[in-house]
Amino acid sequence: MSEGLIIFDFDGTLGDTRRNIVTTMQMTINELQLPYRSEDECASTIGLPLTGCFKTLFPDLQESFLTRCAETYRRFFNENLLTIKPEAFPGVAETLSALKERGYTLTIASSRSHTSLTGLTHNMGIADIISYLIGADDVEKAKPDPEPVLNTLKAMHFKATQTLVVGDMSVDILMGANAGAKTCGVTWGNGTREQLEKAGANFIIDKMEDILAIVEGLSQMRI
């Protein structure tokens, strides 16, 4: 996989945003007087577009109210950033730098908005390492549809066979597989090892540094 492309999910993969997301989601639910949902219930929706998160938690809500949920969530999230600072997971910045030095092109495909993604990567000090960002508002079809990966391939001039997709949720693995790319699940995020295995991840790692050995192995296989 010499000078290949690696597409990372953001929330739960690069950025530790679980507390921000769950807190904001529960504040939104309370504000809109919806039935209580636990931390685990809220966290299980991470990786979906905002309206999809609330649709999963409250299947009977109408589309207009789902839009209101998303708008309320964004307001609270931005306010919460002032007091709850998301951080990169251990080893993320160092491993991304090492991959960049080895000639890999690094991008992010996320279900959060492009603007939010830009701000968070700058705050975490990894923006200069990332060559391309694609957010939920940059695509018509969200994960697990392959559109985020396919758009990235087109923009960065790579083939799926040169690409590794890395994420913590089943939707990330399915997105990569649906595009024809290799996939790597990470266990420190919001999905379980069992869920990642069931989704068909080609690799599963327990710490960020482990990805260095994976790309080295793929390079030797010359995929």
# chains A, B, ... in the order shown; residues from 1 in each chain; ligands from 1
>>> residues_around(residues="A:Cys53", least_positions_apart="4", cutoff="12 Å", atoms="only C-alpha atoms", output="PyMOL selection string")
chain A and resi 21-22+25-26+28-29+37+41-49+57-59+61+66-67+69-70+73+111-112
>>> select_by_dssp(residues="stretch 88-190 of chain A", states="strand (DSSP E)", output="JSON, numbers by chain")
{"A": [88, 105, 106, 107, 108, 109, 132, 133, 134, 163, 164, 165, 166, 167, 182, 183, 184, 185, 186]}
>>> atom_distance(atom1="atom CA of A:Trp188", atom2="atom CA of A:Asp168")
7.4 Å
>>> residues_around(residues="A:Leu106", least_positions_apart="2", cutoff="6 Å", atoms="only C-alpha atoms", output="list in words")
Ile6, Ile130 and Ser131 of chain A
>>> residues_around(residues="stretch 204-206 of chain A", least_positions_apart="4", cutoff="9 Å", atoms="only C-alpha atoms", output="ChimeraX atom specification")
/A:183-188,193,196-197,210-211
>>> closest_residue(among="A:Thr121, A:Gln195, A:Asn178, A:Thr83", to="A:Ile108", atoms="only C-alpha atoms")
A:Thr121
>>> select_by_dssp(residues="stretch 125-208 of chain A", states="helix (DSSP H, G or I)", output="ChimeraX atom specification")
/A:127-129,136-138,147-156,160-162,170-179,193-199,208
>>> atom_distance(atom1="atom CA of A:Pro146", atom2="atom CA of A:Thr13")
18.3 Å
>>> closest_atom_pairs(of="stretch 44-142 of chain A", to="stretch 150-160 of chain A", cutoff="12 Å", atoms="only C-alpha atoms", output="Markdown table")
| residue | atom | partner | partner_atom | distance |
| --- | --- | --- | --- | --- |
| A:Tyr104 | CA | A:Phe158 | CA | 11.3 |
| A:Thr105 | CA | A:Met156 | CA | 8.4 |
| A:Leu106 | CA | A:Met156 | CA | 9.9 |
| A:Thr107 | CA | A:Thr152 | CA | 8.0 |
| A:Ile108 | CA | A:Thr152 | CA | 8.8 |
| A:Ala109 | CA | A:Thr152 | CA | 8.1 |
| A:Ser110 | CA | A:Thr152 | CA | 11.6 |
| A:Ile130 | CA | A:Met156 | CA | 11.9 |
| A:Ser131 | CA | A:Met156 | CA | 8.6 |
| A:Tyr132 | CA | A:Thr152 | CA | 7.7 |
| A:Leu133 | CA | A:Thr152 | CA | 8.4 |
| A:Ile134 | CA | A:Thr152 | CA | 7.5 |
| A:Gly135 | CA | A:Thr152 | CA | 10.9 |
| A:Asp138 | CA | A:Asn151 | CA | 9.2 |
| A:Val139 | CA | A:Asn151 | CA | 8.3 |
| A:Glu140 | CA | A:Asn151 | CA | 10.8 |
| A:Lys141 | CA | A:Asn151 | CA | 11.0 |
| A:Ala142 | CA | A:Leu150 | CA | 11.7 |
>>> write_last_selection(atoms="N, CA, C and O atoms", output="short mmCIF file (atom, residue, chain, number, x, y, z; two decimals), in the first residue's frame")
data_model
loop_
_atom_site.label_atom_id
_atom_site.label_comp_id
_atom_site.auth_asym_id
_atom_site.auth_seq_id
_atom_site.Cartn_x
_atom_site.Cartn_y
_atom_site.Cartn_z
N TYR A 104 1.76 8.40 3.22
CA TYR A 104 0.33 8.12 3.09
C TYR A 104 -0.47 9.42 3.05
O TYR A 104 -0.13 10.40 3.72
N THR A 105 -1.51 9.42 2.26
CA THR A 105 -2.44 10.54 2.22
C THR A 105 -3.55 10.26 3.25
O THR A 105 -4.18 9.21 3.20
N LEU A 106 -3.77 11.20 4.17
CA LEU A 106 -4.71 11.00 5.26
C LEU A 106 -5.90 11.92 5.12
O LEU A 106 -5.74 13.13 4.93
N THR A 107 -7.10 11.35 5.19
CA THR A 107 -8.33 12.15 5.08
C THR A 107 -9.31 11.71 6.16
O THR A 107 -9.10 10.72 6.85
N ILE A 108 -10.39 12.48 6.29
CA ILE A 108 -11.44 12.16 7.26
C ILE A 108 -12.79 12.15 6.56
O ILE A 108 -13.10 13.05 5.76
N ALA A 109 -13.60 11.15 6.87
CA ALA A 109 -14.99 11.08 6.41
C ALA A 109 -15.86 10.94 7.66
O ALA A 109 -15.79 9.92 8.35
N SER A 110 -16.64 11.97 7.95
CA SER A 110 -17.37 12.02 9.21
C SER A 110 -18.84 12.31 8.99
O SER A 110 -19.24 12.86 7.96
N ILE A 130 -4.04 16.37 7.85
CA ILE A 130 -5.18 15.85 7.09
C ILE A 130 -5.29 16.58 5.75
O ILE A 130 -5.36 17.80 5.70
N SER A 131 -5.34 15.81 4.66
CA SER A 131 -5.36 16.40 3.32
C SER A 131 -6.76 16.74 2.82
O SER A 131 -6.90 17.56 1.90
N TYR A 132 -7.79 16.11 3.40
CA TYR A 132 -9.14 16.29 2.85
C TYR A 132 -10.16 15.93 3.92
O TYR A 132 -9.99 14.95 4.65
N LEU A 133 -11.21 16.74 4.02
CA LEU A 133 -12.30 16.48 4.95
C LEU A 133 -13.61 16.34 4.19
O LEU A 133 -13.87 17.10 3.25
N ILE A 134 -14.42 15.38 4.61
CA ILE A 134 -15.76 15.27 4.05
C ILE A 134 -16.74 15.06 5.19
O ILE A 134 -16.57 14.16 6.02
N GLY A 135 -17.71 15.96 5.28
CA GLY A 135 -18.69 15.90 6.36
C GLY A 135 -20.05 15.46 5.85
O GLY A 135 -20.25 15.23 4.65
N ASP A 138 -21.59 17.29 3.02
CA ASP A 138 -20.88 17.23 1.74
C ASP A 138 -21.37 16.10 0.85
O ASP A 138 -20.91 15.95 -0.28
N VAL A 139 -22.28 15.27 1.38
CA VAL A 139 -22.77 14.11 0.62
C VAL A 139 -24.29 14.05 0.66
O VAL A 139 -24.94 14.66 1.52
N GLU A 140 -24.84 13.33 -0.29
CA GLU A 140 -26.29 13.12 -0.31
C GLU A 140 -26.66 11.88 0.49
O GLU A 140 -27.72 11.82 1.11
N LYS A 141 -25.79 10.87 0.46
CA LYS A 141 -26.06 9.62 1.16
C LYS A 141 -24.99 9.39 2.22
O LYS A 141 -23.80 9.40 1.92
N ALA A 142 -25.45 9.19 3.45
CA ALA A 142 -24.53 9.05 4.57
C ALA A 142 -24.06 7.60 4.75
O ALA A 142 -24.57 6.68 4.10
#
>>> atom_distance(atom1="atom CA of A:Arg18", atom2="atom CA of A:Thr95")
21.1 Å
>>> closest_residue(among="A:Glu194, A:Asp128, A:Asp145, A:Asp9", to="A:Leu174", atoms="only C-alpha atoms")
A:Asp145
>>> closest_residue(among="A:Glu101, A:Pro144, A:Thr163, A:Ile214", to="A:Ala199", atoms="only C-alpha atoms")
A:Pro144
>>> closest_residue(among="A:Gly189, A:Pro148, A:Pro35, A:Gly103", to="A:Asp11", atoms="only C-alpha atoms")
A:Gly189
>>> closest_residue(among="A:Leu81, A:Ala201, A:Leu50, A:Ala98", to="A:Val165", atoms="only C-alpha atoms")
A:Ala201
>>> residues_around(residues="A:Gly125", least_positions_apart="2", cutoff="12 Å", atoms="only C-alpha atoms", output="MDAnalysis selection string")
chainID A and resid 14:15 86:88 92:94 96:97 118:123 127:130
>>> write_last_selection(atoms="N, CA, C and O atoms", output="compact mmCIF listing (two decimals), in the first residue's frame")
# COMPACT_ATOMS: atom_id res chain seq x y z
N LEU A 14 -10.58 9.21 15.93
CA LEU A 14 -9.50 10.17 16.16
C LEU A 14 -9.79 11.03 17.38
O LEU A 14 -8.91 11.28 18.20
N GLY A 15 -11.02 11.51 17.47
CA GLY A 15 -11.40 12.43 18.55
C GLY A 15 -12.26 11.78 19.62
O GLY A 15 -13.23 11.09 19.32
N PRO A 86 -13.04 18.44 23.57
CA PRO A 86 -12.69 17.13 22.98
C PRO A 86 -11.18 17.05 22.77
O PRO A 86 -10.53 18.04 22.45
N GLU A 87 -10.63 15.86 22.96
CA GLU A 87 -9.20 15.65 22.76
C GLU A 87 -8.97 14.47 21.82
O GLU A 87 -9.84 13.60 21.68
N ALA A 88 -7.81 14.46 21.20
CA ALA A 88 -7.43 13.32 20.39
C ALA A 88 -7.16 12.13 21.31
O ALA A 88 -6.67 12.29 22.43
N VAL A 92 -2.88 9.26 18.69
CA VAL A 92 -3.44 9.68 17.40
C VAL A 92 -2.52 10.64 16.67
O VAL A 92 -2.14 10.42 15.51
N ALA A 93 -2.13 11.74 17.31
CA ALA A 93 -1.32 12.75 16.64
C ALA A 93 0.02 12.17 16.18
O ALA A 93 0.47 12.41 15.05
N GLU A 94 0.65 11.38 17.06
CA GLU A 94 1.94 10.80 16.74
C GLU A 94 1.83 9.80 15.58
O GLU A 94 2.69 9.79 14.68
N LEU A 96 -0.57 9.63 13.24
CA LEU A 96 -0.89 10.34 12.00
C LEU A 96 0.36 10.98 11.41
O LEU A 96 0.58 10.92 10.19
N SER A 97 1.20 11.56 12.25
CA SER A 97 2.44 12.16 11.76
C SER A 97 3.36 11.11 11.14
O SER A 97 3.97 11.35 10.09
N THR A 118 -13.85 20.89 10.68
CA THR A 118 -12.71 21.79 10.49
C THR A 118 -12.25 22.38 11.82
O THR A 118 -11.06 22.39 12.14
N GLY A 119 -13.20 22.84 12.61
CA GLY A 119 -12.86 23.44 13.90
C GLY A 119 -12.22 22.45 14.85
O GLY A 119 -11.21 22.76 15.51
N LEU A 120 -12.77 21.25 14.93
CA LEU A 120 -12.25 20.25 15.87
C LEU A 120 -10.86 19.76 15.49
O LEU A 120 -10.00 19.55 16.35
N THR A 121 -10.60 19.57 14.20
CA THR A 121 -9.27 19.12 13.80
C THR A 121 -8.22 20.20 14.08
O THR A 121 -7.08 19.89 14.45
N HIS A 122 -8.60 21.46 13.93
CA HIS A 122 -7.68 22.55 14.27
C HIS A 122 -7.43 22.59 15.77
O HIS A 122 -6.28 22.73 16.22
N ASN A 123 -8.50 22.45 16.55
CA ASN A 123 -8.36 22.48 18.01
C ASN A 123 -7.48 21.35 18.53
O ASN A 123 -6.78 21.50 19.52
N ALA A 127 -4.99 19.31 12.01
CA ALA A 127 -5.52 19.82 10.73
C ALA A 127 -4.47 19.80 9.61
O ALA A 127 -4.79 19.49 8.46
N ASP A 128 -3.23 20.13 9.95
CA ASP A 128 -2.18 20.20 8.93
C ASP A 128 -1.78 18.83 8.40
O ASP A 128 -1.13 18.72 7.35
N ILE A 129 -2.14 17.76 9.14
CA ILE A 129 -1.78 16.41 8.72
C ILE A 129 -2.83 15.82 7.78
O ILE A 129 -2.55 14.92 7.01
N ILE A 130 -4.04 16.37 7.85
CA ILE A 130 -5.18 15.85 7.09
C ILE A 130 -5.29 16.58 5.75
O ILE A 130 -5.36 17.80 5.70
>>> closest_residue(among="A:Val215, A:Met124, A:Ala179, A:Leu32", to="A:Thr72", atoms="only C-alpha atoms")
A:Leu32
